[in-house]
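Undergrad: To start, I am sharing the structure in question, which I have written as structure tokens.
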Number of protein chains: 2
Amino acid sequence: MGRRSDHSRDELYVMALDAAETIVREDGLPALTARKVAARIGYTAGTLYNLFRNQDDLVIHLNARTLTCLDTELRQIRRTGDPQADILALGRAYVSFISGNVRLWHVLFDHRLAAGQELPDWYSARIDRMMGVVEDALTPLFPADAFADRRSAARLLWSAVHGVCSLSTSGKLGIVTDVPLTEAVDRLVTVLLAGMATTGTEMS
Amino acid sequence: MGRRSDHSRDELYVMALDAAETIVREDGLPALTARKVAARIGYTAGTLYNLFRNQDDLVIHLNARTLTCLDTELRQIRRTGDPQADILALGRAYVSFISGNVRLWHVLFDHRLAAGQELPDWYSARIDRMMGVVEDALTPLFPADAFADRRSAARLLWSAVHGVCSLSTSGKLGIVTDVPLTEAVDRLVTVLLAGMATTGTEMS
DNA sequence: CGGTTAAATTGAACATTGTTTATTTAATGG
DNA sequence: CCATTAAATAAACAATGTTCAATTTAACCG
């Protein structure tokens, strides 16, 4: 079949990502094949290559959607000004996001680009934007001009939380069996903030 | 060609894993194909299926070797009895291990079994054994009978460190560009231990 | 030593995968 | 209404994991 007018390019783009999302939700990243995505939207694999450079590109766009989704959910949290409370709330929101989107969230980290490839700038920007939420919550802890320190602290905090979530949901460490994820994250955040207060917030 | 006496079953097993290790070291997990491993040891792909149930099985055995290797390196660290110093030393050893075996270390976490599959018990046991090193270093911080607390603390600590290492080496977060990994881990460990001292070591 | 057995190795096969391309078909616009 | 252009397809390719019948040969036993 040749040219069709069923859907605009943009519609197709959304349909493809929707299909990809569904597939990942149901069967995870390994099930995400070009032919399956195409079949789900009533086209053939070749058409996808009109929309995305290749499979990596499709996954990156899917991940971008996941990130935006997470970002807006984190921004629902109203800041109280108390870093402890705010970061705790963020942590809980994060855990809740994960539990509602496990597979989608996993793709965020499971997917690695081929060697030599770099993540596009607009993608990194989206990560930065999300990190901003954490940084904002940390603001009261830092002198107004200590941008770098606050940034580092936010990333350290975030990475640590990520580690706990990552290992506990992958079954690579028996954390879940010991302590529910929510509690582990709560505990981690509490300890980290307490530690930062003690040792001084500036990076050593 | 039929039965050969070039190598015993055990020799073959080691050769295969050696080949797999080399391939991962050079080109990462995606380059690890049955045919490549086989070619490297002078056999054909089919032979590998006499040694391993499937590719997952091979990767698990490779990961087991990596774990043992990491484990023995962590055990080189002589304990001083000061948790702060000991955990810092462990963290540095971990970072140093990673930097010497990045790709191999990545496979430890990048590889996920097919849905429904579980890691074999002997593999989980090997993880537990390694966690023991961290637990031992934490001993002075806990009452002698608080096994569960110490265990949880060790896993929380380890997961947090893992998160920092994981995100920084995957380029998914701009940590490396800010602070070298060693310093980030140092800082994280310091803050975590300080926090644990402040908030009490027992789990909330 | 010779014949039998059983293990090991192969090569070819299969279904799937990502990706490319020539070809066909529909929309567009003069 | 016809020429042009864009879009969609089907078919092809190489590479992958995995299986298996056929074959070769070491080991064993009389």
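Following the order of the structure tokens, chains are lettered A, B, ..., residues in each are numbered from 1, and ligands are numbered from 1.
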Near Arg79 (chain B), counting only C-alpha atoms (C1' of nucleotides), which residues have an atom at most 10 Å away, once you skip same-chain residues fewer than 6 positions from it, shown as number ranges by chain?
TA: B: 85-87, 89-90, 133, 136-137
Undergrad: What does the file look like for those residues with N, CA and C atoms, as a PDB file, in the first residue's frame?
TA:
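Below is the file part08.pdb, written as the result:
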```
ATOM      1  N   ALA B  85      36.138   4.851  59.033  1.00  0.00           N
ATOM      2  CA  ALA B  85      37.329   4.580  58.229  1.00  0.00           C
ATOM      3  C   ALA B  85      37.141   3.321  57.378  1.00  0.00           C
ATOM      4  N   ASP B  86      36.561   2.298  57.978  1.00  0.00           N
ATOM      5  CA  ASP B  86      36.433   1.030  57.268  1.00  0.00           C
ATOM      6  C   ASP B  86      35.482   1.123  56.080  1.00  0.00           C
ATOM      7  N   ILE B  87      34.342   1.773  56.313  1.00  0.00           N
ATOM      8  CA  ILE B  87      33.391   1.893  55.212  1.00  0.00           C
ATOM      9  C   ILE B  87      33.943   2.788  54.111  1.00  0.00           C
ATOM     10  N   ALA B  89      37.015   3.040  53.315  1.00  0.00           N
ATOM     11  CA  ALA B  89      37.974   2.188  52.586  1.00  0.00           C
ATOM     12  C   ALA B  89      37.240   1.232  51.650  1.00  0.00           C
ATOM     13  N   LEU B  90      36.149   0.653  52.139  1.00  0.00           N
ATOM     14  CA  LEU B  90      35.360  -0.253  51.293  1.00  0.00           C
ATOM     15  C   LEU B  90      34.829   0.490  50.069  1.00  0.00           C
ATOM     16  N   VAL B 133      30.628  -8.381  54.191  1.00  0.00           N
ATOM     17  CA  VAL B 133      31.791  -7.521  54.426  1.00  0.00           C
ATOM     18  C   VAL B 133      31.340  -6.165  54.954  1.00  0.00           C
ATOM     19  N   ASP B 136      29.967  -6.468  58.493  1.00  0.00           N
ATOM     20  CA  ASP B 136      31.040  -6.596  59.483  1.00  0.00           C
ATOM     21  C   ASP B 136      31.626  -5.236  59.854  1.00  0.00           C
ATOM     22  N   ALA B 137      31.816  -4.413  58.831  1.00  0.00           N
ATOM     23  CA  ALA B 137      32.407  -3.102  59.104  1.00  0.00           C
ATOM     24  C   ALA B 137      31.469  -2.243  59.941  1.00  0.00           C
TER      25      ALA B 137
END
```
Undergrad: Please identify all residues of chain C having at least one atom at most 6 Å from any atom of chain B, considering only C-alpha atoms (C1' of nucleotides), and return them as a VMD selection string.
TA: chain C and resid 8 to 10
Undergrad: Selected residues, C-alpha atoms (C1' of nucleotides), written as a short mmCIF file (atom, residue, chain, number, x, y, z; two decimals), in the first residue's frame, please.
TA:
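To be explicit, this is the file written out as again.cif:
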```cif
data_model
loop_
_atom_site.label_atom_id
_atom_site.label_comp_id
_atom_site.auth_asym_id
_atom_site.auth_seq_id
_atom_site.Cartn_x
_atom_site.Cartn_y
_atom_site.Cartn_z
"C1'" DA C 8 30.65 -34.44 22.17
"C1'" DT C 9 30.83 -31.55 18.25
"C1'" DT C 10 29.21 -29.91 14.19
#
```
Undergrad: Against chain A, which residues of chain D fall within 10 Å? For each one I want the closest pair of atoms and the distance in Å (one decimal), counting only C-alpha atoms (C1' of nucleotides), rows by chain and increasing residue number, as a Markdown table.
TA:
```
| residue | atom | partner | partner_atom | distance |
| --- | --- | --- | --- | --- |
| D:DA6 | C1' | A:Arg3 | CA | 7.2 |
| D:DA7 | C1' | A:Arg3 | CA | 4.1 |
| D:DA8 | C1' | A:Gly2 | CA | 4.5 |
| D:DT9 | C1' | A:Met1 | CA | 5.3 |
| D:DA10 | C1' | A:Met1 | CA | 9.1 |
```
Undergrad: Each residue of chain A with at least one atom at most 8 Å from chain B should appear once, together with its nearest atom pair and the corresponding distance in Å (one decimal); atoms considered: only C-alpha atoms; ordering: chain, then increasing residue number; output as CSV.
TA:
```
residue,atom,partner,partner_atom,distance
A:Phe109,CA,B:Lys172,CA,7.8
A:Asp110,CA,B:Asp110,CA,6.3
A:Arg112,CA,B:Ser170,CA,8.0
A:Ser124,CA,B:Lys172,CA,7.9
A:Ile127,CA,B:Leu173,CA,7.5
A:Ser152,CA,B:Asp178,CA,7.1
A:Arg155,CA,B:Ile175,CA,6.9
A:Leu156,CA,B:Val164,CA,6.7
A:Ser159,CA,B:Val164,CA,4.9
A:Ala160,CA,B:Ala160,CA,4.0
A:Val161,CA,B:Ala160,CA,6.4
A:His162,CA,B:Gly163,CA,5.5
A:Gly163,CA,B:Gly163,CA,3.4
A:Val164,CA,B:Ser159,CA,4.9
A:Ser166,CA,B:Gly163,CA,7.6
A:Leu167,CA,B:Ser159,CA,6.6
A:Ser170,CA,B:Arg112,CA,8.0
A:Lys172,CA,B:Phe109,CA,7.8
A:Leu173,CA,B:Ile127,CA,7.5
A:Ile175,CA,B:Arg155,CA,6.8
A:Asp178,CA,B:Ser152,CA,7.1
A:Val179,CA,B:Ser152,CA,7.7
A:Ala184,CA,B:Leu156,CA,7.2
A:Arg187,CA,B:Ser204,CA,7.1
A:Leu188,CA,B:Leu156,CA,7.1
A:Thr190,CA,B:Gly195,CA,7.8
A:Val191,CA,B:Gly195,CA,4.4
A:Leu192,CA,B:Leu192,CA,5.4
A:Leu193,CA,B:Gly195,CA,7.1
A:Ala194,CA,B:Gly195,CA,4.7
A:Gly195,CA,B:Gly195,CA,3.6
A:Met196,CA,B:Val191,CA,5.7
A:Thr198,CA,B:Ala194,CA,6.7
A:Thr199,CA,B:Val191,CA,6.6
A:Met203,CA,B:Arg187,CA,7.3
A:Ser204,CA,B:Arg187,CA,7.1
```
Undergrad: Any chance you can output those residues with C-alpha atoms as an mmCIF file, in the first residue's frame?
TA:
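Final output, saved to again_33.cif:
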```cif
data_model
loop_
_atom_site.group_PDB
_atom_site.id
_atom_site.type_symbol
_atom_site.label_atom_id
_atom_site.label_comp_id
_atom_site.auth_asym_id
_atom_site.auth_seq_id
_atom_site.Cartn_x
_atom_site.Cartn_y
_atom_site.Cartn_z
ATOM 1 C CA PHE A 109 17.819 3.046 33.115
ATOM 2 C CA ASP A 110 17.961 -0.305 31.356
ATOM 3 C CA ARG A 112 21.828 2.044 26.987
ATOM 4 C CA SER A 124 19.663 15.888 29.277
ATOM 5 C CA ILE A 127 16.719 15.507 33.368
ATOM 6 C CA SER A 152 25.854 18.436 43.917
ATOM 7 C CA ARG A 155 22.328 14.850 42.663
ATOM 8 C CA LEU A 156 23.935 12.904 45.439
ATOM 9 C CA SER A 159 21.398 9.075 43.058
ATOM 10 C CA ALA A 160 21.279 7.454 46.451
ATOM 11 C CA VAL A 161 17.511 7.198 46.320
ATOM 12 C CA HIS A 162 17.769 5.846 42.828
ATOM 13 C CA GLY A 163 20.151 3.143 44.028
ATOM 14 C CA VAL A 164 17.752 1.921 46.679
ATOM 15 C CA SER A 166 16.850 0.285 41.540
ATOM 16 C CA LEU A 167 18.262 -2.591 43.549
ATOM 17 C CA SER A 170 15.401 -5.568 40.271
ATOM 18 C CA LYS A 172 19.381 -8.065 42.693
ATOM 19 C CA LEU A 173 19.463 -7.375 46.407
ATOM 20 C CA ILE A 175 16.007 -5.296 50.238
ATOM 21 C CA ASP A 178 13.483 -6.899 54.546
ATOM 22 C CA VAL A 179 11.920 -3.465 54.414
ATOM 23 C CA ALA A 184 13.760 2.317 52.969
ATOM 24 C CA ARG A 187 14.917 6.163 56.149
ATOM 25 C CA LEU A 188 17.566 7.011 53.576
ATOM 26 C CA THR A 190 16.101 11.118 56.847
ATOM 27 C CA VAL A 191 19.594 9.842 57.442
ATOM 28 C CA LEU A 192 21.045 11.763 54.523
ATOM 29 C CA LEU A 193 19.525 15.063 55.568
ATOM 30 C CA ALA A 194 20.565 14.538 59.155
ATOM 31 C CA GLY A 195 24.053 13.765 57.980
ATOM 32 C CA MET A 196 24.210 16.842 55.801
ATOM 33 C CA THR A 198 25.934 17.475 60.879
ATOM 34 C CA THR A 199 28.806 17.492 58.429
ATOM 35 C CA MET A 203 31.039 19.553 49.553
ATOM 36 C CA SER A 204 34.305 18.517 51.170
#
```
Undergrad: Out of region 28-164 of chain B, which residues get alpha helix (DSSP H) from DSSP, as a PyMOL selection string?
TA: chain B and resi 34-40+45-51+55-75+83-100+102-110+121-138+147-164
Undergrad: Just how far from CA of His106 (chain B) is CA of His106 (chain A), in Å to one decimal?
TA: 15.2 Å
Undergrad: For DA6 (chain C), list every protein, DNA or RNA residue within 10 Å, evaluated using only C-alpha atoms (C1' of nucleotides), and leave out those in the same chain fewer than 2 positions away; present the list as a list in words.
TA: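 So the residues in contact are DT4 and DA8 of chain C; DA26, DA27 and DC28 of chain D.
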Undergrad: Between C:DA15, C:DT25, C:DT5, C:DT20, single out the one closest to DT18 (chain D), counting only C-alpha atoms (C1' of nucleotides).
TA: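 Answer, going by the shortest atom-to-atom distance: C:DA15.
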